[in-house]
>>> print(open('data.cif').read())   # mmCIF, C-alpha atoms
data_upload
#
loop_
_atom_site.label_atom_id
_atom_site.label_comp_id
_atom_site.auth_asym_id
_atom_site.auth_seq_id
_atom_site.Cartn_x
_atom_site.Cartn_y
_atom_site.Cartn_z
CA MET A 28 91.32 -82.35 -99.26
CA SER A 29 89.94 -85.81 -98.75
CA ASN A 30 88.16 -84.78 -95.57
CA GLU A 31 86.44 -82.02 -97.45
CA ASP A 32 85.39 -84.43 -100.14
CA LYS A 33 83.92 -86.72 -97.56
CA ARG A 34 81.99 -83.90 -95.99
CA ASP A 35 80.60 -82.92 -99.39
CA GLU A 36 79.70 -86.52 -100.04
CA LYS A 37 77.76 -86.69 -96.80
CA LYS A 38 75.93 -83.46 -97.46
CA MET A 39 74.96 -84.59 -100.94
CA THR A 40 73.64 -87.87 -99.61
CA GLU A 41 71.48 -86.05 -97.11
CA LEU A 42 70.18 -83.73 -99.80
CA ASN A 43 69.41 -86.54 -102.16
CA GLU A 44 67.41 -88.31 -99.53
CA VAL A 45 65.40 -85.19 -98.86
CA GLY A 46 64.93 -84.60 -102.58
CA ASP A 47 63.73 -88.12 -103.20
CA LEU A 48 61.17 -87.87 -100.47
CA GLY A 49 60.09 -84.55 -101.90
CA ARG A 50 59.11 -83.36 -98.46
CA PRO A 51 60.64 -80.43 -96.64
CA ARG A 52 62.12 -81.14 -93.26
CA PRO A 53 60.62 -79.03 -90.47
CA GLY A 54 62.71 -76.57 -88.52
CA SER A 55 65.05 -75.59 -91.33
CA GLY A 56 64.32 -71.88 -91.17
CA GLY A 57 67.26 -70.99 -88.98
CA ARG A 58 69.90 -71.27 -91.66
CA PRO A 59 71.00 -68.17 -93.52
CA PRO A 60 70.29 -67.84 -97.26
CA SER A 61 73.05 -69.39 -99.32
CA GLY A 62 73.61 -66.38 -101.57
CA GLY A 63 74.70 -68.25 -104.69
CA GLY A 64 77.78 -70.07 -103.38
CA ASP A 65 78.38 -73.76 -103.81
CA GLN A 66 77.04 -74.72 -100.41
CA PRO A 67 73.97 -76.96 -100.48
CA LEU A 68 70.63 -75.25 -100.03
CA PRO A 69 68.49 -75.64 -96.93
CA PRO A 70 66.20 -78.67 -97.39
CA GLU A 71 63.01 -76.63 -97.86
CA ALA A 72 64.42 -74.61 -100.76
CA HIS A 73 66.19 -77.65 -102.19
CA GLY A 74 63.00 -79.68 -102.23
CA ARG A 75 61.12 -77.03 -104.15
CA ILE A 76 63.89 -76.45 -106.67
CA ALA A 77 64.30 -80.18 -107.23
CA ALA A 78 60.56 -80.71 -107.68
CA GLN A 79 60.23 -77.85 -110.16
CA LEU A 80 63.18 -79.07 -112.19
CA ARG A 81 61.64 -82.53 -112.47
CA GLU A 82 58.27 -81.06 -113.34
CA VAL A 83 59.53 -78.76 -116.08
CA TYR A 84 61.79 -81.46 -117.49
CA GLY A 85 58.95 -83.98 -117.36
CA GLN A 86 56.78 -81.61 -119.39
CA MET A 87 59.47 -81.41 -122.06
CA LEU A 88 59.79 -85.21 -122.12
CA ALA A 89 56.06 -85.51 -122.67
CA GLU A 90 55.95 -83.14 -125.66
CA PRO A 91 54.80 -84.70 -128.94
CA LEU A 92 57.64 -85.53 -131.31
CA PRO A 93 57.89 -84.00 -134.76
CA ASP A 94 58.08 -86.53 -137.61
CA ARG A 95 61.52 -85.41 -138.71
CA PHE A 96 63.33 -87.65 -136.23
CA ALA A 97 61.59 -90.89 -137.14
CA GLN A 98 62.13 -90.05 -140.81
CA LEU A 99 65.79 -89.34 -140.16
CA LEU A 100 66.27 -92.68 -138.39
CA ASP A 101 64.57 -94.48 -141.28
CA GLN A 102 66.85 -92.71 -143.77
CA LEU A 103 69.95 -93.60 -141.77
CA ALA A 104 68.87 -97.22 -141.55
CA SER A 105 68.04 -97.55 -145.23
CA ALA A 106 71.30 -95.86 -146.23
CA GLU A 107 73.03 -98.45 -144.08
CA ARG A 108 71.24 -101.31 -145.84
CA ALA A 109 72.16 -99.88 -149.24
CA ARG A 110 75.83 -99.76 -148.36
CA PRO A 111 78.24 -102.60 -149.09
CA SER A 112 78.86 -104.86 -146.11
CA LYS A 113 81.53 -104.22 -143.45
CA PRO A 114 81.27 -100.45 -143.47
CA GLU A 115 83.79 -100.09 -140.64
CA GLN A 116 86.63 -101.15 -142.87
CA GLN A 117 85.97 -98.43 -145.39
CA SER A 118 86.33 -95.46 -143.12
CA MET B 17 84.00 -104.39 -128.23
CA SER B 18 80.95 -105.45 -130.11
CA ALA B 19 78.68 -102.93 -131.76
CA LEU B 20 74.92 -102.86 -131.41
CA PRO B 21 72.91 -104.44 -134.27
CA HIS B 22 71.44 -101.74 -136.52
CA ASP B 23 67.82 -102.43 -135.65
CA GLU B 24 68.57 -102.31 -131.93
CA LEU B 25 70.45 -99.07 -132.35
CA GLN B 26 67.58 -97.58 -134.31
CA ARG B 27 65.12 -98.62 -131.62
CA GLY B 28 67.36 -97.32 -128.84
CA LEU B 29 67.80 -93.97 -130.58
CA ALA B 30 64.07 -93.64 -131.19
CA GLU B 31 63.28 -94.31 -127.54
CA LEU B 32 65.71 -91.66 -126.33
CA ILE B 33 64.65 -88.84 -128.65
CA PRO B 34 62.38 -87.23 -126.00
CA ASN B 35 65.29 -87.22 -123.54
CA LEU B 36 67.68 -85.79 -126.11
CA ARG B 37 65.19 -83.04 -126.97
CA ALA B 38 64.61 -82.16 -123.33
CA PHE B 39 68.34 -82.08 -122.63
CA ALA B 40 69.01 -79.94 -125.72
CA ARG B 41 66.18 -77.57 -124.79
CA SER B 42 67.56 -77.26 -121.29
CA LEU B 43 70.97 -76.31 -122.63
CA CYS B 44 70.14 -73.89 -125.41
CA GLY B 45 66.55 -72.80 -124.79
CA ALA B 46 65.49 -72.28 -128.38
CA PRO B 47 63.34 -75.19 -129.63
CA ASP B 48 64.54 -75.03 -133.26
CA ARG B 49 68.17 -74.98 -132.32
CA ALA B 50 67.59 -77.77 -129.83
CA ASP B 51 66.01 -79.98 -132.49
CA ASP B 52 68.94 -79.29 -134.82
CA LEU B 53 71.24 -80.45 -132.04
CA VAL B 54 69.19 -83.63 -131.61
CA GLN B 55 69.38 -84.27 -135.35
CA GLU B 56 73.13 -83.75 -135.34
CA THR B 57 73.41 -86.13 -132.39
CA LEU B 58 71.42 -88.86 -134.13
CA VAL B 59 73.49 -88.57 -137.32
CA LYS B 60 76.74 -88.69 -135.37
CA ALA B 61 75.58 -91.61 -133.25
CA TRP B 62 74.77 -93.52 -136.40
CA ARG B 63 78.05 -92.61 -138.07
CA TYR B 64 80.18 -93.53 -135.06
CA GLN B 65 78.10 -96.47 -133.88
CA SER B 66 81.12 -98.79 -134.04
CA GLN B 67 82.54 -96.79 -131.11
CA PHE B 68 79.58 -97.66 -128.90
CA ALA B 69 80.02 -100.85 -126.91
CA ALA B 70 76.85 -102.92 -126.72
CA GLY B 71 75.73 -103.20 -123.12
CA SER B 72 77.06 -99.82 -122.04
CA ASN B 73 74.82 -96.84 -121.35
CA LEU B 74 73.37 -95.60 -124.64
CA LYS B 75 71.74 -92.55 -123.07
CA ALA B 76 75.01 -91.44 -121.48
CA TRP B 77 76.79 -91.89 -124.81
CA LEU B 78 74.16 -89.90 -126.73
CA PHE B 79 74.05 -87.14 -124.12
CA THR B 80 77.81 -86.83 -124.34
CA ILE B 81 77.62 -86.46 -128.13
CA LEU B 82 74.88 -83.85 -127.76
CA ARG B 83 76.66 -81.72 -125.15
CA ASN B 84 79.88 -81.81 -127.18
CA ALA B 85 77.97 -80.72 -130.27
CA TYR B 86 76.34 -77.93 -128.26
CA LEU B 87 79.64 -76.71 -126.85
CA SER B 88 81.45 -76.71 -130.17
CA GLU B 89 78.57 -74.86 -131.79
CA ARG B 90 78.67 -72.34 -128.99
CA ARG B 91 82.40 -71.85 -129.46
CA LYS B 92 81.81 -71.10 -133.14
CA ARG B 93 79.04 -68.65 -132.28
CA LYS B 94 81.32 -66.85 -129.88
CA PHE B 95 83.26 -65.51 -132.85
CA GLU B 96 80.14 -64.28 -134.56
CA VAL B 97 78.21 -62.53 -131.81
CA GLU B 98 78.89 -61.02 -128.45
CA ASP B 99 75.92 -62.84 -126.99
CA VAL B 100 77.93 -65.77 -125.74
CA ASP B 101 75.28 -67.95 -124.19
CA GLY B 102 72.81 -67.24 -126.95
CA SER B 103 70.07 -66.10 -124.61
CA LEU B 104 69.41 -62.87 -126.48
CA ALA B 105 69.52 -64.49 -129.91
CA GLU B 106 67.04 -67.04 -128.69
CA GLY B 107 64.60 -64.35 -127.68
CA LEU B 108 64.13 -65.72 -124.20
CA SER B 109 61.80 -63.63 -122.15
CA VAL B 110 64.15 -62.60 -119.41
CA ARG B 111 63.04 -59.76 -117.23
CA GLY B 112 65.06 -56.70 -116.30
CA GLU B 113 68.67 -57.13 -115.21
CA GLN B 114 68.23 -55.59 -111.79
CA LEU B 115 65.95 -57.88 -109.90
CA GLY B 116 64.25 -56.23 -107.01
CA HIS B 117 63.10 -58.29 -104.08
CA MET B 118 59.54 -58.16 -105.33
CA ASP B 119 60.47 -59.34 -108.79
CA PHE B 120 61.30 -63.03 -108.71
CA LEU B 121 61.55 -65.19 -111.77
CA ASP B 122 59.66 -68.38 -112.49
CA PHE B 123 61.64 -71.58 -112.79
CA GLN B 124 62.15 -71.53 -116.55
CA ASN B 125 63.33 -67.93 -116.72
CA ALA B 126 65.60 -68.48 -113.74
CA PHE B 127 67.01 -71.66 -115.26
CA ALA B 128 67.68 -69.92 -118.58
CA ARG B 129 70.01 -67.52 -116.79
CA LEU B 130 72.34 -70.19 -115.46
CA PRO B 131 75.71 -70.87 -117.08
CA ALA B 132 75.63 -73.89 -119.41
CA GLU B 133 77.72 -76.08 -117.14
CA GLN B 134 75.27 -75.57 -114.27
CA LYS B 135 72.27 -76.28 -116.49
CA GLU B 136 73.94 -79.42 -117.67
CA ALA B 137 74.85 -80.63 -114.19
CA LEU B 138 71.37 -79.94 -112.82
CA VAL B 139 69.65 -81.79 -115.64
CA LEU B 140 71.98 -84.80 -115.58
CA ILE B 141 71.74 -85.22 -111.81
CA GLY B 142 68.39 -83.73 -110.86
CA ALA B 143 66.22 -84.61 -113.86
CA GLU B 144 67.82 -87.55 -115.64
CA GLY B 145 69.05 -89.28 -112.51
CA PHE B 146 72.61 -89.95 -113.62
CA SER B 147 75.07 -90.54 -110.80
CA TYR B 148 77.70 -87.91 -110.03
CA GLU B 149 80.31 -90.32 -111.36
CA GLU B 150 78.47 -90.81 -114.64
CA ALA B 151 77.90 -87.08 -115.04
CA ALA B 152 81.58 -86.40 -114.36
CA LEU B 153 82.58 -88.84 -117.11
CA MET B 154 80.10 -87.29 -119.52
CA CYS B 155 81.26 -83.75 -118.79
CA GLY B 156 84.94 -84.62 -118.68
CA CYS B 157 85.45 -83.16 -115.21
CA ALA B 158 85.95 -84.28 -111.60
CA VAL B 159 83.08 -85.60 -109.49
CA GLY B 160 83.58 -82.72 -107.05
CA THR B 161 83.22 -80.26 -109.90
CA VAL B 162 79.83 -81.71 -110.84
CA LYS B 163 78.69 -81.48 -107.21
CA SER B 164 79.82 -77.91 -106.98
CA ARG B 165 78.02 -76.99 -110.22
CA VAL B 166 74.82 -78.62 -108.99
CA ASN B 167 75.00 -76.77 -105.69
CA ARG B 168 75.78 -73.45 -107.34
CA GLY B 169 73.00 -73.94 -109.85
CA ARG B 170 70.45 -74.75 -107.15
CA ALA B 171 71.56 -71.82 -105.02
CA ARG B 172 71.31 -69.44 -107.97
CA LEU B 173 67.85 -70.73 -108.89
CA ALA B 174 66.69 -70.31 -105.31
CA GLU B 175 68.04 -66.78 -105.32
CA LEU B 176 66.39 -65.81 -108.61
CA MET B 177 63.10 -67.44 -107.67
CA GLY B 178 63.03 -66.15 -104.13
CA VAL B 179 62.72 -69.58 -102.54
CA GLU B 180 65.60 -69.21 -100.15
CA SER B 181 64.64 -70.17 -96.66
CA GLY B 182 64.70 -66.60 -95.36
CA ALA B 183 62.28 -65.30 -97.99
CA ASP B 184 60.19 -68.40 -98.05
CA LEU B 185 59.47 -69.43 -94.53
CA GLY B 186 58.50 -66.07 -93.12
CA GLY B 187 54.98 -66.31 -94.52
CA ASP B 188 55.22 -62.73 -95.76
CA GLU B 189 53.48 -61.13 -98.69
CA ARG B 190 56.14 -62.24 -101.09
CA SER B 191 55.76 -65.95 -100.64
CA VAL B 192 51.99 -65.71 -100.68
CA ARG B 193 52.11 -63.78 -103.92
CA HIS B 194 54.60 -66.24 -105.34
CA ALA B 195 52.53 -69.24 -104.37
CA SER B 196 49.33 -67.88 -105.85
CA SER B 197 50.97 -66.86 -109.13
CA GLY B 198 51.41 -70.50 -110.05
CA VAL B 199 47.68 -71.14 -110.36
#
>>> encode(input="data.cif", output="structure tokens")
Amino acid sequence: MSNEDKRDEKKMTELNEVGDLGRPRPGSGGRPPSGGGDQPLPPEAHGRIAAQLREVYGQMLAEPLPDRFAQLLDQLASAERARPSKPEQQS
Amino acid sequence: MSALPHDELQRGLAELIPNLRAFARSLCGAPDRADDLVQETLVKAWRYQSQFAAGSNLKAWLFTILRNAYLSERRKRKFEVEDVDGSLAEGLSVRGEQLGHMDFLDFQNAFARLPAEQKEALVLIGAEGFSYEEAALMCGCAVGTVKSRVNRGRARLAELMGVESGADLGGDERSVRHASSGV
């Protein structure tokens, strides 16, 4: 059990390093396709998946915010100010 | 445990709204539903703010509230419709069920097909940069489970997108077509 965990740990560390560099390692073509199991991907495929995930997620982060959230936070804050002090004790 | 002052909490929540929206969108796909989840998360965070310890990770706390809200909403929906993961109700443009070798999905369509726990693990680790330990705490599961979900998610994405090493490194028509379609 613990040996397996350690092996997983090592693999993940390797993958993270590759992912952070964002560069595929040469000579990775010899490994068979993973076929949807829980084995880590070959570095080339992993790098591309990781980059696309960050890109798509980054696009969502950069989307303009609708006003409703700022308004909601203002409402919550002003409701708080209107309440009697020590609200924790009342609930 | 000391709570965060109200103005600091308000500022912290405001700063994290883009992250909450992106996380919610990643989980449920539909923008309207995702924004409702964000709203629910903000209201709950405000209501239960005394449970948040100042100095601990606000983003992790908010993400935990959001994923719990998502999961409980999904459990309720399960009784109403057969479409468990909501992908049909959300009108996601998913192509035909039988994917031929020439018919790979783009990232977003491939991602939308993953089970929620794989989406969640991929976003927390691969996009938000949480550690496996943090993600395990947030998801209420073992560290090894998070790792396995991340690996399965990546493998499934690679399969659906046709970026497995075998298909990708051969320099055949497929990968050329795939590469040029992104322009």
>>> closest_atom_pairs(input="data.cif", of="chain B", to="chain A", cutoff="9 Å", atoms="only C-alpha atoms", output="JSON lines")
{"residue": "B:His22", "atom": "CA", "partner": "A:Ala104", "partner_atom": "CA", "distance": 7.2}
{"residue": "B:Asp23", "atom": "CA", "partner": "A:Ala104", "partner_atom": "CA", "distance": 7.9}
{"residue": "B:Gln26", "atom": "CA", "partner": "A:Leu100", "partner_atom": "CA", "distance": 6.5}
{"residue": "B:Leu29", "atom": "CA", "partner": "A:Leu100", "partner_atom": "CA", "distance": 8.1}
{"residue": "B:Ala30", "atom": "CA", "partner": "A:Ala97", "partner_atom": "CA", "distance": 7.0}
{"residue": "B:Ile33", "atom": "CA", "partner": "A:Phe96", "partner_atom": "CA", "distance": 7.8}
{"residue": "B:Pro34", "atom": "CA", "partner": "A:Leu88", "partner_atom": "CA", "distance": 5.1}
{"residue": "B:Asn35", "atom": "CA", "partner": "A:Leu88", "partner_atom": "CA", "distance": 6.0}
{"residue": "B:Leu36", "atom": "CA", "partner": "A:Leu88", "partner_atom": "CA", "distance": 8.9}
{"residue": "B:Arg37", "atom": "CA", "partner": "A:Leu88", "partner_atom": "CA", "distance": 7.6}
{"residue": "B:Ala38", "atom": "CA", "partner": "A:Met87", "partner_atom": "CA", "distance": 5.3}
{"residue": "B:Phe39", "atom": "CA", "partner": "A:Tyr84", "partner_atom": "CA", "distance": 8.3}
{"residue": "B:Arg41", "atom": "CA", "partner": "A:Met87", "partner_atom": "CA", "distance": 8.2}
{"residue": "B:Ser42", "atom": "CA", "partner": "A:Tyr84", "partner_atom": "CA", "distance": 8.1}
{"residue": "B:Asp51", "atom": "CA", "partner": "A:Phe96", "partner_atom": "CA", "distance": 8.9}
{"residue": "B:Val54", "atom": "CA", "partner": "A:Phe96", "partner_atom": "CA", "distance": 8.5}
{"residue": "B:Gln55", "atom": "CA", "partner": "A:Phe96", "partner_atom": "CA", "distance": 7.0}
{"residue": "B:Leu58", "atom": "CA", "partner": "A:Leu100", "partner_atom": "CA", "distance": 7.7}
{"residue": "B:Val59", "atom": "CA", "partner": "A:Leu103", "partner_atom": "CA", "distance": 7.6}
{"residue": "B:Trp62", "atom": "CA", "partner": "A:Leu103", "partner_atom": "CA", "distance": 7.2}
{"residue": "B:Arg63", "atom": "CA", "partner": "A:Leu103", "partner_atom": "CA", "distance": 9.0}
{"residue": "B:Ser66", "atom": "CA", "partner": "A:Glu115", "partner_atom": "CA", "distance": 7.2}
{"residue": "B:Phe123", "atom": "CA", "partner": "A:Gln79", "partner_atom": "CA", "distance": 6.9}
{"residue": "B:Gln124", "atom": "CA", "partner": "A:Val83", "partner_atom": "CA", "distance": 7.7}
{"residue": "B:Phe127", "atom": "CA", "partner": "A:Leu80", "partner_atom": "CA", "distance": 8.9}
{"residue": "B:Leu138", "atom": "CA", "partner": "A:Leu80", "partner_atom": "CA", "distance": 8.3}
{"residue": "B:Val139", "atom": "CA", "partner": "A:Leu80", "partner_atom": "CA", "distance": 7.8}
{"residue": "B:Gly142", "atom": "CA", "partner": "A:Ala77", "partner_atom": "CA", "distance": 6.5}
{"residue": "B:Ala143", "atom": "CA", "partner": "A:Arg81", "partner_atom": "CA", "distance": 5.2}
{"residue": "B:Glu144", "atom": "CA", "partner": "A:Arg81", "partner_atom": "CA", "distance": 8.6}
{"residue": "B:Gly160", "atom": "CA", "partner": "A:Asp32", "partner_atom": "CA", "distance": 7.3}
{"residue": "B:Lys163", "atom": "CA", "partner": "A:Met39", "partner_atom": "CA", "distance": 7.9}
{"residue": "B:Ser164", "atom": "CA", "partner": "A:Asp65", "partner_atom": "CA", "distance": 5.4}
{"residue": "B:Arg165", "atom": "CA", "partner": "A:Asp65", "partner_atom": "CA", "distance": 7.2}
{"residue": "B:Val166", "atom": "CA", "partner": "A:Asp65", "partner_atom": "CA", "distance": 7.9}
{"residue": "B:Asn167", "atom": "CA", "partner": "A:Asp65", "partner_atom": "CA", "distance": 4.9}
{"residue": "B:Arg168", "atom": "CA", "partner": "A:Asp65", "partner_atom": "CA", "distance": 4.4}
{"residue": "B:Gly169", "atom": "CA", "partner": "A:Gly63", "partner_atom": "CA", "distance": 7.9}
{"residue": "B:Arg170", "atom": "CA", "partner": "A:Ile76", "partner_atom": "CA", "distance": 6.8}
{"residue": "B:Ala171", "atom": "CA", "partner": "A:Gly63", "partner_atom": "CA", "distance": 4.8}
{"residue": "B:Arg172", "atom": "CA", "partner": "A:Gly63", "partner_atom": "CA", "distance": 4.9}
{"residue": "B:Leu173", "atom": "CA", "partner": "A:Ile76", "partner_atom": "CA", "distance": 7.3}
{"residue": "B:Ala174", "atom": "CA", "partner": "A:Ala72", "partner_atom": "CA", "distance": 6.7}
{"residue": "B:Glu175", "atom": "CA", "partner": "A:Gly62", "partner_atom": "CA", "distance": 6.7}
{"residue": "B:Val179", "atom": "CA", "partner": "A:Ala72", "partner_atom": "CA", "distance": 5.6}
{"residue": "B:Glu180", "atom": "CA", "partner": "A:Ala72", "partner_atom": "CA", "distance": 5.6}
{"residue": "B:Ser181", "atom": "CA", "partner": "A:Gly56", "partner_atom": "CA", "distance": 5.8}
{"residue": "B:Gly182", "atom": "CA", "partner": "A:Pro60", "partner_atom": "CA", "distance": 6.0}
{"residue": "B:Ala183", "atom": "CA", "partner": "A:Pro60", "partner_atom": "CA", "distance": 8.4}
{"residue": "B:Asp184", "atom": "CA", "partner": "A:Ala72", "partner_atom": "CA", "distance": 8.0}
{"residue": "B:Leu185", "atom": "CA", "partner": "A:Gly56", "partner_atom": "CA", "distance": 6.4}
{"residue": "B:Gly186", "atom": "CA", "partner": "A:Gly56", "partner_atom": "CA", "distance": 8.5}
>>> write_last_selection(input="data.cif", atoms="C-alpha atoms", output="CSV table (one decimal), keeping the file's coordinate frame")
chain,number,residue,atom,x,y,z
B,22,HIS,CA,71.4,-101.7,-136.5
B,23,ASP,CA,67.8,-102.4,-135.6
B,26,GLN,CA,67.6,-97.6,-134.3
B,29,LEU,CA,67.8,-94.0,-130.6
B,30,ALA,CA,64.1,-93.6,-131.2
B,33,ILE,CA,64.6,-88.8,-128.6
B,34,PRO,CA,62.4,-87.2,-126.0
B,35,ASN,CA,65.3,-87.2,-123.5
B,36,LEU,CA,67.7,-85.8,-126.1
B,37,ARG,CA,65.2,-83.0,-127.0
B,38,ALA,CA,64.6,-82.2,-123.3
B,39,PHE,CA,68.3,-82.1,-122.6
B,41,ARG,CA,66.2,-77.6,-124.8
B,42,SER,CA,67.6,-77.3,-121.3
B,51,ASP,CA,66.0,-80.0,-132.5
B,54,VAL,CA,69.2,-83.6,-131.6
B,55,GLN,CA,69.4,-84.3,-135.4
B,58,LEU,CA,71.4,-88.9,-134.1
B,59,VAL,CA,73.5,-88.6,-137.3
B,62,TRP,CA,74.8,-93.5,-136.4
B,63,ARG,CA,78.0,-92.6,-138.1
B,66,SER,CA,81.1,-98.8,-134.0
B,123,PHE,CA,61.6,-71.6,-112.8
B,124,GLN,CA,62.2,-71.5,-116.6
B,127,PHE,CA,67.0,-71.7,-115.3
B,138,LEU,CA,71.4,-79.9,-112.8
B,139,VAL,CA,69.6,-81.8,-115.6
B,142,GLY,CA,68.4,-83.7,-110.9
B,143,ALA,CA,66.2,-84.6,-113.9
B,144,GLU,CA,67.8,-87.6,-115.6
B,160,GLY,CA,83.6,-82.7,-107.0
B,163,LYS,CA,78.7,-81.5,-107.2
B,164,SER,CA,79.8,-77.9,-107.0
B,165,ARG,CA,78.0,-77.0,-110.2
B,166,VAL,CA,74.8,-78.6,-109.0
B,167,ASN,CA,75.0,-76.8,-105.7
B,168,ARG,CA,75.8,-73.4,-107.3
B,169,GLY,CA,73.0,-73.9,-109.8
B,170,ARG,CA,70.4,-74.8,-107.2
B,171,ALA,CA,71.6,-71.8,-105.0
B,172,ARG,CA,71.3,-69.4,-108.0
B,173,LEU,CA,67.8,-70.7,-108.9
B,174,ALA,CA,66.7,-70.3,-105.3
B,175,GLU,CA,68.0,-66.8,-105.3
B,179,VAL,CA,62.7,-69.6,-102.5
B,180,GLU,CA,65.6,-69.2,-100.2
B,181,SER,CA,64.6,-70.2,-96.7
B,182,GLY,CA,64.7,-66.6,-95.4
B,183,ALA,CA,62.3,-65.3,-98.0
B,184,ASP,CA,60.2,-68.4,-98.0
B,185,LEU,CA,59.5,-69.4,-94.5
B,186,GLY,CA,58.5,-66.1,-93.1
>>> atom_distance(input="data.cif", atom1="CA of Thr57 in chain B", atom2="CA of Leu82 in chain B")
5.4 Å
>>> atom_distance(input="data.cif", atom1="CA of Ala152 in chain B", atom2="CA of Gly71 in chain B")
19.8 Å
>>> atom_distance(input="data.cif", atom1="CA of Ala46 in chain B", atom2="CA of Ala128 in chain B")
10.3 Å
